[in-house]
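Notes follow the structure.
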Amino acid sequence: MLYVIICFLWASIWLYLLLGGADFGAGILELFTSQNNRAKTRDTMYQAIGPVWEANHMWLIIAIVILFVGFPAIYTTMSINMHIPLTVLLLGIIARGTAFAFRHYDAVVDDWQVVYNRIFTWSSLITPLFLGIIAGSTVSGTIDTQATNFLDAYVFSWLSWFSVTVGLFTVAICAFLAAIYLIGETDTEDEKRRFIQKARTANIAAVVFGAMVFIAAQVENVPLVEWIFGNAVGITAIAAASISLFLLWYWLQKGKTQILRVLAGFQVTMILITTTYKHFPNIVILKGGGYLSLMEHHGHQKTLQALGMALLLGSVFILPALFYLIYSFQKKGGAAHQGQPH
Amino acid sequence: MNDFLAARSQMALSLGFHIVFSCIGMVMPFFMAVAHYYYLKTGKDVYKNVTKAWSKGVAIFFATGAVSGTVLSFELGLLWPTFMKHAGPIFGMPFSLEGTAFFIEAIALGFFLYGWNRFNRWFHWFTGVVVGVSGLVSGILVVAANAWMNSPAGFDYLNGEYLNIDPIKAMFNDAWFSQALHMCIAAFAATGFAVAGVHALMIVRGSHVAFHTKAFRIAAVFAAAAAILQPLSGDLSAKDVAHRQPAKLAAMEAHFHTEKGAPLIIGGIPDEKNKKVDYAVKIPGLLSFMVAEDFNAEVKGLDAIPEENHPPVAVTHYAFQVMVGLGMIMLLISVLYFIGLWKKKQWLESKWLLKLFVIATPLGFIAVEAGWTVTEVGRQPWIINGIMRTADAVTPMPGINYSFYLFSAVYISLAVIVTFMLYRQIKMVGKLYDTPSSTFLINH
Ligand code: HDD
Ligand code: HEM
Ligand code: HEM
């Protein structure tokens with residue numbers, strides 16, 4: 001049962017990265033779209049993610065619930081030492097979710113829209129930045145559970161070059177996912193070209209930030225190179241990701257939507273695999289080499305049993321409905337565009 | 001403000017904020033389903049317009065409820081890590097099932113809000129009902145988790161260790177049923193009165209009467225039915241509390257001294273130092289009767305409980321009085337409304353009844369907040385009743401007061417914006433929904 005739960009945990013992080021990531025990315029793209037084209041981008045984006053955005057963010061809640069029920073020691077350690085970035089993350093989530101709803105459901109369309117848009121786009125950037133920072137710091141060995149002074153315990157636990165570059169990398173990945181996804185959701189050639197261009201830019205940004213992650217890891221002694229290149233799975237995955245990068249640029253030229261989506265999803269999946277494989281099951285690495293392991297720091301047997309059953313039962317209900325939802329509201333899903341949202 | 005107080009205040013603020021949105025998220029889908037049903041049956045546009053107008057409002061509430069709930073699931077750890085470390089694996093069962101319920105709710109909501117004219121009409125209607133049912137289920141589950149804090153079960157506590165954990169038993173603890181029942185009814189009463197009140201105000205003002213009358217009727221029937229059931233369920237809760245948390249009951253009633261034939265104390269100012277209540281109305285024997293169905297039964301007072309385990313008496317007592325008082329007022333209005341519905345049709349046309357509903361707009365939500373204050377403050381100083389003290393559960397991180405100020409600012413701004421949006425929504429009814437031919441679709 002422990003393995004079932006770990007699979008669910010990994011899958012919810014993965015899906016959150018893909019679906020939630022694309023969702024954040026749409027806001028990031030809007031931020032980097034010239035004033036003239038914003039309204040159009042916004043509209044495309046709303047058509048594409050409106051119906052699914054709330055479901056996309058459920059994956060985060062599932063991951064959190066799995067952590068606090070199944071792996072309380074891990075959840076508590078992170079809650080204590082990452083208090084500050086988690087708080088920023090929460091504020092980002094609040095700002096983004098509410099601004100999204102406000103701007104689409106405000107009965108009167110007036111200058112308030114500018115405020116909602118600004119909040120929405122900036123929080124779309126800040127939230128994944130901090131998600132990345134938190135993810136980076138769980139493995140960078142900066143969490144010091146013994147620290148007694150404030151800075152060491154609560155600030156330098158997450159503020160490092162490595163974490164910040166991971167954060168930037170996450171932001172670029174989100175933008176990239178969104179651009180690729182939105183290519184297929186536009187209805188004008190012009191708009192489509194713009195998303196293709198954005199996908200290229202975001203991809204370059206991801207590669208640049210990715211390189212910076214490696215440099216920061218070198219500087220701060222995070223054994224990232226060893227995690228990725230020190231084992232067959234890591235090498236294979238990173239090689240597959242690189243090859244698919246070339247394919248991706250090729251298909252970007254052609255603007256083939258479905259292939260692009262698969263490739264982008266594949267790349268991000270490979271990146272998540274490489275970065276989680278080597279130090280599995282130790283998902284939190286502490287200062288001084290200690291770690292919190294999924295295999296050791298879990299709840300009691302009966303709890304795991306119940307949690308696993310709840311997750312399995314849940315997925316029987318959720319997955320079909322979710323697929324049907326995503327399918328129904330895809331652009332190409334038949335009659336989908338006859339009706340207006342709301 | 002010290003960190004401990006700040007953490008408690010932040011928790012209370014976040015929960016108090018979330019509960020408003022979750023009540024609406026649980027109940028409004030049912031109102032919409034009824035309006036939607038009438039539309040599908042009668043084909044009258046006014047019902048469709050009511051459904052659409054509500055669903056636009058609900059979308060805003062949903063988003064706010066969802067983000068404030070997400071915040072809570074982190075806050076439990078951010079503020080009470082020691083509690084979560086031990087309690088997480090025990091009372092986590094409802095939360096893990098709740099994940100499924102939320103998910104289904106979010107999916108169904110996507111179908112419902114965006115599904116006009118896209119799907120089979122009855123499938124579309126059904127997705128709306130699913131939103132409501134899964135919302136209700138998640139409410140019940142989360143309350144079962146809270147009930148466990150009041151009535152811990154499903155583990156053995158030996159020498160500071162939590163052994164023999166059984167998450168299923170923990171979920172079905174002694175308090176879950178009475179609390180969940182009371183909460184669900186409260187959600188219907190509170191949301192019903194709030195919605196009915198707003199529409200009643202518009203009718204009184206004479207604006208778009210046809211539209212608002214239909215909307216008012218649906219909300220008022222739900223509200224009135226719930227408000228009549230509420231005291232019955234409250235009585236059940238009170239008996240339950242007397243059993244499992246005598247200290248809470250004593251604080252609710254400001255009942256300082258253990259005695260036979262204990263009086264019911266209504267109102268008054270508890271004087272904790274001298275252990276008496278000034279200026280209260282006392283009905284002899286009634287408390288004994290309510291708790292044990294015997295006017296002479298002995299009811300434990302605070303003196304039977306060690307001083308260090310006393311909850312704050314005044315706050316608990318006042319909050320309880322507020323809840324029960326408001327419950328009685330809502331009961332009265334509801335009875336009048338049903339009499340109007342069945343016997344005195346002319347009452348329904350008259351302004352005074354509508355005005356009563358206008359006055360009652362916020363009462364349900366005030367009662368909900370008061371009720372939660374009773375439950376949570378009355379449990380103090382325990383975070384897990386009799387097992388773990390709240391003070392031992394708080395995070396070691398200093399500076400929580402800044403976090404509290406920050407969240408207060410955020411929640412206050414959100415409350416202001418949501419109110420403002422609702423106001424605009426209502427103002428736009430005429431433009432968007434009241435024309436008989438307004439089958440055009442409202443785009444944003
Ligand atoms: C519309 C709201 C509303 C109304 C009119 C009432 N209540 Fe209530 N009450 C709640 C809303 C609420 C609540 C917010 O939903 C609580 C908090 C926790 C819970 O389970 O329900 C609650 C808790 C609560 C508790 C504490 C339960 C516990 O700690 O486990 C008791 C004893 C009562 N109620 C009793 C009553 C009585 C005797 C009422 C008579 C009129 C009454 N309530 C009306
Ligand atoms: C499953 C549901 C709930 C859980 C798990 C929960 C948990 C907690 C926790 C951990 C605390 C801090 C410790 C304490 O001071 O007791 C707390 C306090 C508090 N909660 Fe709840 N709570 C729940 C429901 C609610 C709801 C819905 C409200 C409603 C408004 C609420 C109101 C409060 C208040 C007022 C306090 C502060 C008590 C004080 O002054 O010390 N709770 N709750
Ligand atoms: C008694 C108290 C509570 C009740 C009755 C309640 C009920 C609900 C309901 C009905 C919803 C969905 C409706 C909406 O989105 O507006 C919701 C959302 C949510 N609640 Fe609560 N809740 C309570 C307390 C809590 C607590 C203590 C937590 C966290 C530990 C929590 C976590 C959540 C989350 C994560 C969501 C968002 C789900 C989504 O995205 O749809 N709730 N709550």
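Every chain in the structure tokens has a letter given in the order shown (A, B, ...), and although residue numbers restart at 1 in each chain, ligands are simply numbered from 1 in the order shown.
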Return as CSV the residues of chain B lying at most 8 Å from chain A, together with the closest atom-to-atom pair for each and the distance in Å to one decimal, counting only C-alpha atoms, with rows in chain order and ascending residue number.
```
residue,atom,partner,partner_atom,distance
B:Lys52,CA,A:His342,CA,7.7
B:Lys56,CA,A:Tyr105,CA,6.1
B:Gly57,CA,A:Tyr105,CA,7.5
B:Ala59,CA,A:Ala101,CA,7.0
B:Ile60,CA,A:Ala101,CA,5.6
B:Ala63,CA,A:Thr98,CA,5.9
B:Thr64,CA,A:Thr98,CA,5.7
B:Val67,CA,A:Ile94,CA,5.3
B:Ser68,CA,A:Ile94,CA,6.9
B:Thr70,CA,A:Ile61,CA,6.6
B:Val71,CA,A:Leu90,CA,5.9
B:Ser73,CA,A:Ile64,CA,7.4
B:Phe74,CA,A:Ile64,CA,7.6
B:Gly77,CA,A:Ser79,CA,5.4
B:Leu78,CA,A:Ser79,CA,4.9
B:Pro81,CA,A:Thr76,CA,5.1
B:Thr82,CA,A:Thr76,CA,7.4
B:Met84,CA,A:Pro72,CA,6.8
B:Lys85,CA,A:Pro72,CA,4.9
B:His86,CA,A:Pro72,CA,7.4
B:Gly88,CA,A:Val69,CA,4.8
B:Pro89,CA,A:Val69,CA,4.5
B:Ile90,CA,A:Thr303,CA,7.0
B:Phe91,CA,A:Val69,CA,8.0
B:Gly92,CA,A:Val69,CA,5.0
B:Met93,CA,A:Leu307,CA,6.5
B:Phe95,CA,A:Val65,CA,6.8
B:Ser96,CA,A:Val65,CA,6.2
B:Leu97,CA,A:Ala310,CA,5.7
B:Gly99,CA,A:Ile62,CA,6.0
B:Thr100,CA,A:Gly314,CA,5.1
B:Phe102,CA,A:Met58,CA,7.7
B:Phe103,CA,A:Met58,CA,6.3
B:Ile104,CA,A:Ile318,CA,6.2
B:Ala106,CA,A:Ala55,CA,5.3
B:Ile107,CA,A:Ala55,CA,5.9
B:Gly110,CA,A:Pro51,CA,4.5
B:Phe111,CA,A:Leu325,CA,6.8
B:Leu113,CA,A:His342,CA,6.0
B:Tyr114,CA,A:Pro341,CA,4.8
B:Gly115,CA,A:Pro341,CA,7.5
B:Trp116,CA,A:Gly339,CA,6.5
B:Asn117,CA,A:Gly339,CA,5.6
B:Arg118,CA,A:Gly339,CA,6.0
B:Ile165,CA,A:Lys302,CA,6.7
B:Asp166,CA,A:Lys302,CA,6.2
B:Pro167,CA,A:Thr303,CA,6.0
B:Ile168,CA,A:Ala306,CA,7.6
B:Thr395,CA,A:Ile80,CA,6.7
B:Pro396,CA,A:Ile80,CA,7.4
B:Met397,CA,A:Ile80,CA,6.9
B:Pro398,CA,A:Phe150,CA,7.9
B:Met421,CA,A:Asp106,CA,6.1
B:Arg424,CA,A:Ala107,CA,6.2
B:Gln425,CA,A:Ala107,CA,5.2
B:Met428,CA,A:Ala107,CA,6.7
B:Leu441,CA,A:His342,CA,6.8
B:Ile442,CA,A:His342,CA,6.4
B:Asn443,CA,A:His342,CA,6.7
B:His444,CA,A:His104,CA,5.8
```
Selection: 9 Å around B:Pro94, only C-alpha atoms, excl. self and same-chain fewer than 5 positions, as an MDAnalysis selection string: chainID B and resid 99 138 140:145 167:168 171
Write the selection just made, keeping all heavy atoms, as an mmCIF file, in the first residue's frame?
```
data_model
loop_
_atom_site.group_PDB
_atom_site.id
_atom_site.type_symbol
_atom_site.label_atom_id
_atom_site.label_comp_id
_atom_site.auth_asym_id
_atom_site.auth_seq_id
_atom_site.Cartn_x
_atom_site.Cartn_y
_atom_site.Cartn_z
ATOM 1 N N GLY B 99 -10.770 14.859 -0.313
ATOM 2 C CA GLY B 99 -10.076 15.189 -1.556
ATOM 3 C C GLY B 99 -10.895 14.744 -2.756
ATOM 4 O O GLY B 99 -11.092 15.506 -3.707
ATOM 5 N N SER B 138 -18.364 16.864 1.379
ATOM 6 C CA SER B 138 -17.084 17.350 1.904
ATOM 7 C C SER B 138 -17.286 18.108 3.200
ATOM 8 O O SER B 138 -16.449 18.014 4.105
ATOM 9 C CB SER B 138 -16.303 18.174 0.881
ATOM 10 O OG SER B 138 -17.130 19.001 0.158
ATOM 11 N N ILE B 140 -19.530 17.447 5.483
ATOM 12 C CA ILE B 140 -19.720 16.439 6.528
ATOM 13 C C ILE B 140 -18.375 15.835 6.926
ATOM 14 O O ILE B 140 -18.071 15.667 8.103
ATOM 15 C CB ILE B 140 -20.693 15.351 6.038
ATOM 16 C CG1 ILE B 140 -22.090 15.950 5.885
ATOM 17 C CG2 ILE B 140 -20.717 14.170 7.013
ATOM 18 C CD1 ILE B 140 -23.096 15.023 5.241
ATOM 19 N N LEU B 141 -17.551 15.554 5.924
ATOM 20 C CA LEU B 141 -16.260 14.932 6.222
ATOM 21 C C LEU B 141 -15.364 15.849 7.049
ATOM 22 O O LEU B 141 -14.740 15.428 8.027
ATOM 23 C CB LEU B 141 -15.560 14.548 4.916
ATOM 24 C CG LEU B 141 -16.176 13.351 4.191
ATOM 25 C CD1 LEU B 141 -15.653 13.249 2.772
ATOM 26 C CD2 LEU B 141 -15.893 12.063 4.950
ATOM 27 N N VAL B 142 -15.321 17.109 6.653
ATOM 28 C CA VAL B 142 -14.412 18.004 7.362
ATOM 29 C C VAL B 142 -14.914 18.239 8.790
ATOM 30 O O VAL B 142 -14.132 18.353 9.733
ATOM 31 C CB VAL B 142 -14.198 19.310 6.563
ATOM 32 C CG1 VAL B 142 -15.234 20.330 6.866
ATOM 33 C CG2 VAL B 142 -12.829 19.874 6.801
ATOM 34 N N VAL B 143 -16.216 18.244 8.954
ATOM 35 C CA VAL B 143 -16.747 18.391 10.305
ATOM 36 C C VAL B 143 -16.445 17.143 11.139
ATOM 37 O O VAL B 143 -16.169 17.223 12.336
ATOM 38 C CB VAL B 143 -18.258 18.698 10.279
ATOM 39 C CG1 VAL B 143 -18.844 18.650 11.672
ATOM 40 C CG2 VAL B 143 -18.496 20.071 9.687
ATOM 41 N N ALA B 144 -16.428 15.978 10.483
ATOM 42 C CA ALA B 144 -16.057 14.759 11.216
ATOM 43 C C ALA B 144 -14.628 14.873 11.739
ATOM 44 O O ALA B 144 -14.315 14.412 12.841
ATOM 45 C CB ALA B 144 -16.203 13.531 10.318
ATOM 46 N N ALA B 145 -13.756 15.521 10.960
ATOM 47 C CA ALA B 145 -12.383 15.737 11.430
ATOM 48 C C ALA B 145 -12.381 16.660 12.640
ATOM 49 O O ALA B 145 -11.694 16.409 13.633
ATOM 50 C CB ALA B 145 -11.528 16.328 10.318
ATOM 51 N N PRO B 167 -7.967 4.717 11.787
ATOM 52 C CA PRO B 167 -8.526 5.943 11.197
ATOM 53 C C PRO B 167 -10.029 5.868 10.945
ATOM 54 O O PRO B 167 -10.706 6.903 10.949
ATOM 55 C CB PRO B 167 -7.780 6.105 9.876
ATOM 56 C CG PRO B 167 -6.845 4.989 9.746
ATOM 57 C CD PRO B 167 -6.949 4.098 10.924
ATOM 58 N N ILE B 168 -10.558 4.681 10.744
ATOM 59 C CA ILE B 168 -11.999 4.579 10.486
ATOM 60 C C ILE B 168 -12.773 4.895 11.764
ATOM 61 O O ILE B 168 -13.741 5.652 11.765
ATOM 62 C CB ILE B 168 -12.370 3.166 9.983
ATOM 63 C CG1 ILE B 168 -11.473 2.751 8.814
ATOM 64 C CG2 ILE B 168 -13.844 3.082 9.623
ATOM 65 C CD1 ILE B 168 -11.774 3.428 7.520
ATOM 66 N N MET B 171 -12.751 8.505 12.462
ATOM 67 C CA MET B 171 -13.696 9.291 11.665
ATOM 68 C C MET B 171 -15.102 9.206 12.254
ATOM 69 O O MET B 171 -15.797 10.199 12.366
ATOM 70 C CB MET B 171 -13.688 8.801 10.223
ATOM 71 C CG MET B 171 -14.613 9.584 9.332
ATOM 72 S SD MET B 171 -14.227 9.394 7.602
ATOM 73 C CE MET B 171 -14.914 7.821 7.250
#
```
Exercise answer, 7 Å around ligand 2 with only C-alpha atoms and all ligand atoms, as a ChimeraX atom specification: /B:8-9,11-12,15-17,19,76,80,142-146,369,372-373,376-377,379-380,382-383,390
Residue with smallest distance to ligand 1 - pool B:Ala238, B:Ile203, B:Ala215, B:Leu229, counting only C-alpha atoms and all ligand atoms: B:Ala238
12 Å contact set for A:Glu226, only C-alpha atoms, chain neighbours under 2 positions out, as a list in words: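 Answer for this query is Phe214, Ala217, Gln218, Asn221, Val222, Pro223, Leu224, Ile228, Phe229, Gly230, Asn231, Ala232, Gly234, Ile235, Thr274, Thr275, Tyr277, Lys278 and His279 of chain A.
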For the selection just defined, write its residues with C-alpha atoms to a file, as a compact mmCIF listing (two decimals), in the first residue's frame.
```
# COMPACT_ATOMS: atom_id res chain seq x y z
CA PHE A 214 23.52 23.41 -12.72
CA ALA A 217 24.29 23.46 -7.81
CA GLN A 218 28.03 23.40 -8.49
CA ASN A 221 27.60 21.78 -3.54
CA VAL A 222 24.29 20.24 -4.42
CA PRO A 223 25.19 16.92 -6.06
CA LEU A 224 22.82 17.52 -8.96
CA ILE A 228 21.26 13.07 -13.03
CA PHE A 229 24.30 11.62 -14.72
CA GLY A 230 25.28 9.10 -12.09
CA ASN A 231 22.71 6.49 -13.05
CA ALA A 232 21.20 4.92 -16.12
CA GLY A 234 18.81 9.72 -15.18
CA ILE A 235 20.98 9.60 -18.27
CA THR A 274 15.52 12.56 -13.52
CA THR A 275 15.26 14.88 -10.61
CA TYR A 277 14.69 9.15 -9.29
CA LYS A 278 18.13 9.22 -7.74
CA HIS A 279 17.30 10.44 -4.31
```
For stretch 133-142 of chain A: contacts at 6 Å, only C-alpha atoms, fewer than 5 positions along chain excluded, given as a list of chain:residue names: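 The filter keeps A:Ser157, A:Trp158, A:Ser163, A:Val164, A:Val166, A:Gly167, A:Val222, A:Val284, A:Ile285, A:Leu286, A:Lys287.
Minimum atom-to-atom distance to A:Ala211, evaluated using only C-alpha atoms, belongs to A:Phe162 out of A:Leu18, A:Leu129, A:Phe162, A:Asn149.
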Nearby residues, ligand 1, 7 Å, only C-alpha atoms and all ligand atoms, as a PyMOL selection string: chain B and resi 143+147+150+175+178-180+182-183+186-187+189-190+227+230-231+234-235+237-238+241+323-328+330+364-365+367-372+374-375
Writer output for current selection, N, CA, C and O atoms, as a compact mmCIF listing (two decimals), in the first residue's frame:
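Done, and the output landed in part01.txt:
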```txt
# COMPACT_ATOMS: atom_id res chain seq x y z
N VAL B 143 -16.22 18.24 8.95
CA VAL B 143 -16.75 18.39 10.31
C VAL B 143 -16.45 17.14 11.14
O VAL B 143 -16.17 17.22 12.34
N ALA B 147 -14.85 17.09 14.67
CA ALA B 147 -15.50 16.38 15.77
C ALA B 147 -14.49 15.49 16.50
O ALA B 147 -14.56 15.32 17.71
N ASN B 150 -12.86 17.22 19.20
CA ASN B 150 -13.71 17.34 20.39
C ASN B 150 -13.85 16.02 21.10
O ASN B 150 -14.05 15.96 22.31
N ALA B 175 -18.77 12.39 18.26
CA ALA B 175 -19.37 13.71 18.00
C ALA B 175 -19.72 13.92 16.53
O ALA B 175 -20.41 14.88 16.21
N SER B 178 -23.71 14.32 15.43
CA SER B 178 -24.47 15.48 15.88
C SER B 178 -23.89 16.76 15.29
O SER B 178 -24.62 17.67 14.88
N GLN B 179 -22.57 16.82 15.19
CA GLN B 179 -21.97 18.04 14.63
C GLN B 179 -22.26 18.19 13.14
O GLN B 179 -22.57 19.27 12.67
N ALA B 180 -22.12 17.08 12.42
CA ALA B 180 -22.32 17.17 10.96
C ALA B 180 -23.76 17.53 10.63
O ALA B 180 -24.03 18.36 9.77
N HIS B 182 -25.89 19.15 12.55
CA HIS B 182 -26.14 20.54 12.94
C HIS B 182 -25.52 21.50 11.94
O HIS B 182 -26.11 22.51 11.58
N MET B 183 -24.32 21.16 11.48
CA MET B 183 -23.63 22.02 10.52
C MET B 183 -24.37 22.08 9.18
O MET B 183 -24.52 23.15 8.60
N ALA B 186 -27.36 24.10 9.51
CA ALA B 186 -26.96 25.51 9.68
C ALA B 186 -26.60 26.12 8.33
O ALA B 186 -26.93 27.27 8.06
N ALA B 187 -25.92 25.34 7.49
CA ALA B 187 -25.52 25.89 6.19
C ALA B 187 -26.76 26.27 5.38
O ALA B 187 -26.80 27.34 4.77
N ALA B 189 -29.75 27.00 6.60
CA ALA B 189 -30.43 28.13 7.23
C ALA B 189 -29.69 29.43 6.93
O ALA B 189 -30.30 30.43 6.52
N ALA B 190 -28.37 29.40 7.11
CA ALA B 190 -27.61 30.64 6.96
C ALA B 190 -27.65 31.13 5.51
O ALA B 190 -27.96 32.30 5.24
N ALA B 227 -34.42 26.29 9.43
CA ALA B 227 -34.45 27.00 10.70
C ALA B 227 -35.38 26.32 11.70
O ALA B 227 -35.20 26.44 12.91
N GLN B 230 -33.39 23.31 13.05
CA GLN B 230 -32.13 23.63 13.72
C GLN B 230 -32.15 23.48 15.24
O GLN B 230 -31.27 22.83 15.80
N PRO B 231 -33.16 24.03 15.95
CA PRO B 231 -33.15 23.88 17.41
C PRO B 231 -33.23 22.41 17.84
O PRO B 231 -32.64 22.03 18.85
N GLY B 234 -29.89 21.18 17.51
CA GLY B 234 -29.06 21.83 18.53
C GLY B 234 -29.23 21.18 19.89
O GLY B 234 -28.26 21.03 20.64
N ASP B 235 -30.46 20.77 20.18
CA ASP B 235 -30.72 20.09 21.45
C ASP B 235 -29.91 18.78 21.52
O ASP B 235 -29.30 18.45 22.54
N SER B 237 -27.14 18.22 19.93
CA SER B 237 -25.74 18.61 20.12
C SER B 237 -25.45 18.90 21.59
O SER B 237 -24.42 18.49 22.12
N ALA B 238 -26.35 19.63 22.21
CA ALA B 238 -26.10 20.03 23.60
C ALA B 238 -26.03 18.80 24.51
O ALA B 238 -25.16 18.71 25.38
N VAL B 241 -22.71 17.26 23.97
CA VAL B 241 -21.61 18.00 24.60
C VAL B 241 -21.58 17.70 26.10
O VAL B 241 -20.52 17.51 26.68
N MET B 323 -25.97 32.45 19.40
CA MET B 323 -26.43 31.42 18.48
C MET B 323 -27.88 31.03 18.77
O MET B 323 -28.72 31.02 17.87
N VAL B 324 -28.14 30.74 20.03
CA VAL B 324 -29.48 30.26 20.36
C VAL B 324 -30.51 31.38 20.15
O VAL B 324 -31.59 31.15 19.58
N GLY B 325 -30.14 32.59 20.55
CA GLY B 325 -31.06 33.72 20.37
C GLY B 325 -31.42 33.91 18.90
O GLY B 325 -32.60 34.00 18.54
N LEU B 326 -30.42 33.93 18.07
CA LEU B 326 -30.68 34.12 16.64
C LEU B 326 -31.46 32.94 16.09
O LEU B 326 -32.33 33.11 15.23
N GLY B 327 -31.13 31.73 16.59
CA GLY B 327 -31.87 30.56 16.15
C GLY B 327 -33.36 30.70 16.43
O GLY B 327 -34.20 30.35 15.61
N MET B 328 -33.67 31.27 17.61
CA MET B 328 -35.08 31.44 17.97
C MET B 328 -35.76 32.46 17.06
O MET B 328 -36.90 32.28 16.62
N MET B 330 -34.94 33.20 14.00
CA MET B 330 -35.13 32.62 12.68
C MET B 330 -36.25 31.59 12.68
O MET B 330 -37.01 31.46 11.72
N GLY B 364 -28.22 34.25 10.02
CA GLY B 364 -27.75 32.87 9.94
C GLY B 364 -26.24 32.78 10.00
O GLY B 364 -25.67 31.95 10.73
N PHE B 365 -25.59 33.66 9.27
CA PHE B 365 -24.12 33.59 9.27
C PHE B 365 -23.54 34.03 10.60
O PHE B 365 -22.53 33.48 11.06
N ALA B 367 -24.97 33.46 13.39
CA ALA B 367 -25.17 32.28 14.25
C ALA B 367 -24.12 31.22 13.95
O ALA B 367 -23.62 30.54 14.86
N VAL B 368 -23.77 31.04 12.69
CA VAL B 368 -22.76 30.05 12.35
C VAL B 368 -21.42 30.41 12.98
O VAL B 368 -20.75 29.57 13.60
N GLU B 369 -21.04 31.67 12.87
CA GLU B 369 -19.76 32.08 13.45
C GLU B 369 -19.80 31.91 14.98
O GLU B 369 -18.84 31.45 15.59
N ALA B 370 -20.95 32.26 15.56
CA ALA B 370 -21.08 32.12 17.00
C ALA B 370 -20.99 30.65 17.40
O ALA B 370 -20.32 30.28 18.36
N GLY B 371 -21.66 29.80 16.62
CA GLY B 371 -21.65 28.37 16.92
C GLY B 371 -20.24 27.80 16.88
O GLY B 371 -19.84 27.02 17.75
N TRP B 372 -19.49 28.21 15.88
CA TRP B 372 -18.11 27.71 15.82
C TRP B 372 -17.27 28.26 16.95
O TRP B 372 -16.36 27.59 17.44
N VAL B 374 -18.40 28.76 19.92
CA VAL B 374 -18.73 27.88 21.05
C VAL B 374 -17.91 26.59 20.96
O VAL B 374 -17.26 26.17 21.92
N THR B 375 -17.93 25.98 19.80
CA THR B 375 -17.26 24.70 19.65
C THR B 375 -15.76 24.80 19.90
O THR B 375 -15.18 23.98 20.60
```
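Every protein, DNA or RNA residue with an atom at most 12 Å from B:Glu308, where only C-alpha atoms count and chain neighbours fewer than 6 positions away do not, is listed here: Ala247, Leu302, Gln380, Pro381, Trp382, Gly386 and Arg389 of chain B.
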In stretch 79-318 of chain A, DSSP strand (DSSP E) residues written as a PyMOL selection string: chain A and resi 282-285+291-293
Residues within 12 Å of stretch 271-279 of chain B, only C-alpha atoms, excluding chain neighbours under 3 positions, as a count of residues only: 27
